[in-house]
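Colleague: Let me give you the structure first, and then I'll get to my questions.
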Amino acid sequence: MLEYLIQRIAISTVTLAMISVIVFTGVRMIPGDPARVLAGTEADEAGLADIRQKYGLNDPIPIQYLRWVGLAIRGDLGESVRTRETVTKTVAGKLPITLELACLSILVALAIAIPVGVLSAVRRNTFWDYLANALSLCGLSVPSFWLGIMLILFFSVRLGWLPASGFVPFLQDPVANLTRMLMPTFVLGTTLAAVLMRQTRNSMIEVMSADYIRTAYSKGLAGRVVIFRHAIRNGLIPVVTILGLQMGALMGGAVVTEQIFVVPGFGRLIVESVFTRDYPLVQGLVLITAGAYVLINLLVDVSYSLLNPRIRVKGAASAQ
Amino acid sequence: MPSDGSALAVPISEAGPAGQATRLQLAWRRAARRPPALIGAMVVLLYLLLALGAPWIAPDDPLRTDWSQTRKAPSAAHLFGTDDLGRDVLSRVVYGTRISMQAGVFAILLAMAIGVPAGLVAGFYRGAFDQLIMRLTDAWLSFPFLILAIGLVTILGPSLTNATVAIGVGATPTYIRLTRGLVLSTREEEFVQGARALGAGDLRVMGRHILPNITSSLLVQATVSIPAAIIAEAILSFLGLGVQPPSPSWGTMLNAAQQFLETAPWMAWWPGLAIFSLTLAFNLAGDGLRDWLDPKDY
């Protein structure tokens, strides 16, 4: 176990190092003077000198990289060209909003995907199974941003039931917060629900044909008990993995969803920073997103290896 | 069996084409058992025709503005209505097919052009190069697809070509991994060992023996990743990072439609429906193709 853990952490560390190289190189590829890129077009000579001094822009590239990584590890990702606020602080202000959106979306997705997936696996090749499959195919194919626009068109413009956009902090007014989060949550949750439903269905079908399920049936247990006590436990393990892998898509989806519903979160910040050519902010945001993805998947891997000893052995073998 | 006997009696020169015809018929029969997949494939073909024949199919110039006809509801003159600048929405949707198909197909071709050789070499030779490539794809895959594309477009600047490159680069690691995995299992097959025993060099083994055997899996993956690339292009254009106005991309059309949801909702219907139906068709066709190519299914 310890060996697996160390191996997994080592791989993640190498991945994080590679990510930092890619991001560093990416920013250096932006045409123009790096000091100008990092300080913004409005910076004066003194500002440029500060940046040159801080990142040692006259030093050889590898030393510049190490200096930058050193600062990043200590949480110093530079400051926004536009607001002059540190990247860390800017992100800390926006992150709770996106986290709320993401967590609600995952809840919605799981609430749809697991019951429907289990049902369509248990009632395989019936009308309900076909309906569920058709729905998940539609969920996979529908462009989320168009779904968002259609929801606004229907529920806000036509019916006037829900506010089309905006954000109210939860602590200020929980009801207003949730009514504004309803449509974005649904939009972000749809694709995820479709992916998870397919996975739930497939792994439940596999589990349901296992010997121990036949044993459970033949010793006279009720169908309900077999499904809930025996099948779901094992059937949902792959779903957890897929959920971890879908985090990237969820982060990307948040960018689009926040843009449509004007939610002032992390995703909207990325688009804004791209448009204002706020390169230090873009650099920090991309680095944070990729780093978060690696850490989340490390946690997912480690946590389910704790749940299922077999995976730990298999995982260690395939990682070599 | 008598039929076997008569088949043997047929001269070899005739057996070839006759055998092929039945194989074709067999393939068709297997395809016909999957109506959803066939419909999907037909819709994809239809969009392909729309893309290629846009100048002849579109009723109007997609860029011609007409200030007397702004935001008109769908009518006989303009089947899909007109947009905020009085342009014919149907014509714009038809021309938009071009941009979407172009972005989707070229992005994935680029991903394959980099990913397949890299995966082939990594899986074939293993060793340090393999480790390096795998760690690099790990890192690459850690950037959410869209975030990576946005980052690349930031560096390259927004345009159709750059969006296509960004999407292609974003999709590359998937192809590296897939190819490598397929090569790892194929290189142990007996026919590969046989080819080696006959003295085939590395290049010949890779190009003549391994590659043809993994092509179908790569093709199936393409049916999944082309619609994903099409959606990615639409998203980038929607965010203003892809195709720039006035070019008729479905994404830019939806972006413009957002401001007129109350007065001209049709501006939002059609481009979205086009993306939805094309992606759905690709997914249906892809699911069918996967079953169809599966040898267990005969």
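Order determines the names: the first chain of the structure tokens is A, the second B, and so forth; residues in each chain are numbered 1 upward, and ligands are numbered 1 upward as they are shown.
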Report as a Markdown table the residues of chain A within 7 Å of chain B, each with its shortest atom pair and distance in Å (one decimal), using only C-alpha atoms, ordered by chain and increasing residue number.

Modeller:
```
| residue | atom | partner | partner_atom | distance |
| --- | --- | --- | --- | --- |
| A:Thr15 | CA | B:Ala139 | CA | 4.8 |
| A:Leu16 | CA | B:Ala139 | CA | 6.8 |
| A:Met18 | CA | B:Ala139 | CA | 5.8 |
| A:Ile19 | CA | B:Ala139 | CA | 5.3 |
| A:Met29 | CA | B:Ile155 | CA | 6.9 |
| A:Ile30 | CA | B:Ile155 | CA | 5.3 |
| A:Cys138 | CA | B:Leu280 | CA | 6.7 |
| A:Ser141 | CA | B:Leu280 | CA | 5.1 |
| A:Val142 | CA | B:Phe276 | CA | 5.0 |
| A:Pro143 | CA | B:Phe276 | CA | 6.3 |
| A:Trp146 | CA | B:Gly272 | CA | 5.6 |
| A:Leu153 | CA | B:Leu261 | CA | 6.3 |
| A:Val157 | CA | B:Glu262 | CA | 6.2 |
| A:Gly248 | CA | B:Pro144 | CA | 4.3 |
| A:Ala249 | CA | B:Pro144 | CA | 6.1 |
| A:Met251 | CA | B:Pro144 | CA | 6.8 |
| A:Gly252 | CA | B:Leu146 | CA | 5.2 |
| A:Val274 | CA | B:Thr154 | CA | 6.2 |
| A:Val286 | CA | B:Ile147 | CA | 6.8 |
| A:Ala290 | CA | B:Phe143 | CA | 4.8 |
| A:Tyr293 | CA | B:Ser142 | CA | 6.0 |
| A:Val294 | CA | B:Ser142 | CA | 6.1 |
```

Colleague: Could you write those residues out with C-alpha atoms, as a PDB file, in the first residue's frame?

Modeller:
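again17.pdb, freshly written:
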```
ATOM      1  CA  THR A  15       3.258  15.486 -13.875  1.00  0.00           C
ATOM      2  CA  LEU A  16       3.058  18.735 -11.903  1.00  0.00           C
ATOM      3  CA  MET A  18       5.853  18.930 -16.515  1.00  0.00           C
ATOM      4  CA  ILE A  19       2.770  21.134 -16.243  1.00  0.00           C
ATOM      5  CA  MET A  29       6.064  31.988 -26.428  1.00  0.00           C
ATOM      6  CA  ILE A  30       3.914  35.117 -26.338  1.00  0.00           C
ATOM      7  CA  CYS A 138     -28.837  13.442 -26.183  1.00  0.00           C
ATOM      8  CA  SER A 141     -24.528  15.476 -27.798  1.00  0.00           C
ATOM      9  CA  VAL A 142     -26.227  18.674 -26.736  1.00  0.00           C
ATOM     10  CA  PRO A 143     -23.824  21.624 -26.654  1.00  0.00           C
ATOM     11  CA  TRP A 146     -26.892  26.154 -26.352  1.00  0.00           C
ATOM     12  CA  LEU A 153     -35.221  31.523 -23.473  1.00  0.00           C
ATOM     13  CA  VAL A 157     -37.854  35.095 -21.301  1.00  0.00           C
ATOM     14  CA  GLY A 248     -11.395  18.553 -16.257  1.00  0.00           C
ATOM     15  CA  ALA A 249     -14.489  18.643 -18.418  1.00  0.00           C
ATOM     16  CA  MET A 251     -13.805  22.933 -15.149  1.00  0.00           C
ATOM     17  CA  GLY A 252     -14.043  23.630 -18.871  1.00  0.00           C
ATOM     18  CA  VAL A 274      -7.718  36.314 -21.803  1.00  0.00           C
ATOM     19  CA  VAL A 286      -4.079  27.687 -16.061  1.00  0.00           C
ATOM     20  CA  ALA A 290      -4.128  21.827 -14.082  1.00  0.00           C
ATOM     21  CA  TYR A 293      -6.941  18.375 -11.643  1.00  0.00           C
ATOM     22  CA  VAL A 294      -3.818  16.344 -10.853  1.00  0.00           C
TER      23      VAL A 294
END
```

Colleague: Stretch 210-219 of chain A: which residues within 12 Å, counting only C-alpha atoms, same-chain residues fewer than 2 positions away excluded, as a compact mmCIF listing (two decimals) with C-alpha atoms, in the first residue's frame?

Modeller:
```
# COMPACT_ATOMS: atom_id res chain seq x y z
CA SER A 203 -20.56 -1.46 -14.72
CA MET A 204 -23.87 -2.53 -13.17
CA ILE A 205 -24.50 -4.88 -16.09
CA GLU A 206 -21.05 -6.36 -15.58
CA VAL A 207 -21.53 -6.74 -11.84
CA MET A 208 -25.01 -8.21 -12.22
CA LEU A 221 -32.51 -12.93 -1.36
CA ALA A 222 -35.02 -10.45 -2.70
CA GLY A 223 -34.02 -8.63 -5.90
CA ARG A 224 -33.98 -5.32 -4.08
CA VAL A 225 -31.55 -6.60 -1.47
CA VAL A 226 -29.25 -8.09 -4.08
CA ILE A 227 -29.12 -4.86 -6.03
CA PHE A 228 -28.75 -2.46 -3.16
CA ARG A 229 -26.59 -4.53 -0.82
CA HIS A 230 -24.43 -6.43 -3.24
CA ALA A 231 -24.40 -5.02 -6.74
CA ILE A 232 -24.34 -1.26 -6.25
CA ARG A 233 -21.36 -1.34 -3.91
CA ASN A 234 -19.08 -2.79 -6.53
CA GLY A 235 -20.89 -1.31 -9.48
```

Colleague: Closest to B:Ala285 among A:Ile242, A:Thr185, A:Glu258, A:Leu137, using only C-alpha atoms?

Modeller: A:Leu137

Colleague: Enumerate, in order of chain and increasing residue number, the residues of stretch 93-162 of chain B with an atom no farther than 10 Å from stretch 184-191 of chain B, each with its shortest atom pair and distance in Å to one decimal, counting only C-alpha atoms, as a Markdown table.

Modeller:
```
| residue | atom | partner | partner_atom | distance |
| --- | --- | --- | --- | --- |
| B:Gly119 | CA | B:Leu184 | CA | 9.7 |
| B:Leu120 | CA | B:Leu184 | CA | 8.9 |
| B:Ala122 | CA | B:Leu184 | CA | 9.2 |
| B:Gly123 | CA | B:Leu184 | CA | 5.4 |
| B:Phe124 | CA | B:Leu184 | CA | 6.9 |
| B:Tyr125 | CA | B:Leu184 | CA | 9.6 |
| B:Arg126 | CA | B:Leu184 | CA | 8.9 |
```

Colleague: Selected residues, C-alpha atoms, written as a PDB file, in the first residue's frame, please.

Modeller:
```
ATOM      1  CA  GLY B 119       2.239   6.497 -29.809  1.00  0.00           C
ATOM      2  CA  LEU B 120       3.501   4.002 -32.366  1.00  0.00           C
ATOM      3  CA  ALA B 122       6.520   4.806 -27.802  1.00  0.00           C
ATOM      4  CA  GLY B 123       4.630   1.528 -27.751  1.00  0.00           C
ATOM      5  CA  PHE B 124       6.986  -0.207 -30.163  1.00  0.00           C
ATOM      6  CA  TYR B 125      10.317   0.663 -28.588  1.00  0.00           C
ATOM      7  CA  ARG B 126       9.180   1.169 -24.964  1.00  0.00           C
TER       8      ARG B 126
END
```

Colleague: For B:Pro117, please output as a PyMOL selection string all residues within 10 Å (counting only C-alpha atoms; exclusion window: fewer than 6 positions along the same chain).

Modeller: chain B and resi 123+175-176+179-180+206-207+211

Colleague: Please report the interatomic distance between atom CA of A:Val240 and atom CA of A:Gly284 in Å with one decimal.

Modeller: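 A separation of 28.4 Å between them.
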
Colleague: Apply DSSP to the structure's backbone, then extract all residues of stretch 54-289 of chain B labelled alpha helix (DSSP H) and return them as a PyMOL selection string.

Modeller: chain B and resi 54-57+89-125+127-141+145-156+160-186+190-197+202-204+211-239+250-257+266-289

Colleague: Do a neighbour search on stretch 32-35 of chain B at 8 Å with only C-alpha atoms, toss out local chain neighbours closer than 4 positions, and write the hits as a list in words.

Modeller: Trp28, Ile39 and Gly288 of chain B

Colleague: Skipping near chain neighbours, those fewer than 2 positions away, what residues fall within 9 Å of A:Gly189 using only C-alpha atoms, listed as a ChimeraX atom specification?

Modeller: /A:102,104-110,184-187,191-194,250

Colleague: At what distance in Å, to one decimal, does atom CA of B:Thr223 lie from atom CA of B:Gly286?

Modeller: 5.1 Å

Colleague: How many Å separate atom CA of B:Val205 from atom CA of B:Arg290?

Modeller: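 Calculated distance between atom CA of B:Val205 and atom CA of B:Arg290 is 25.5 Å.
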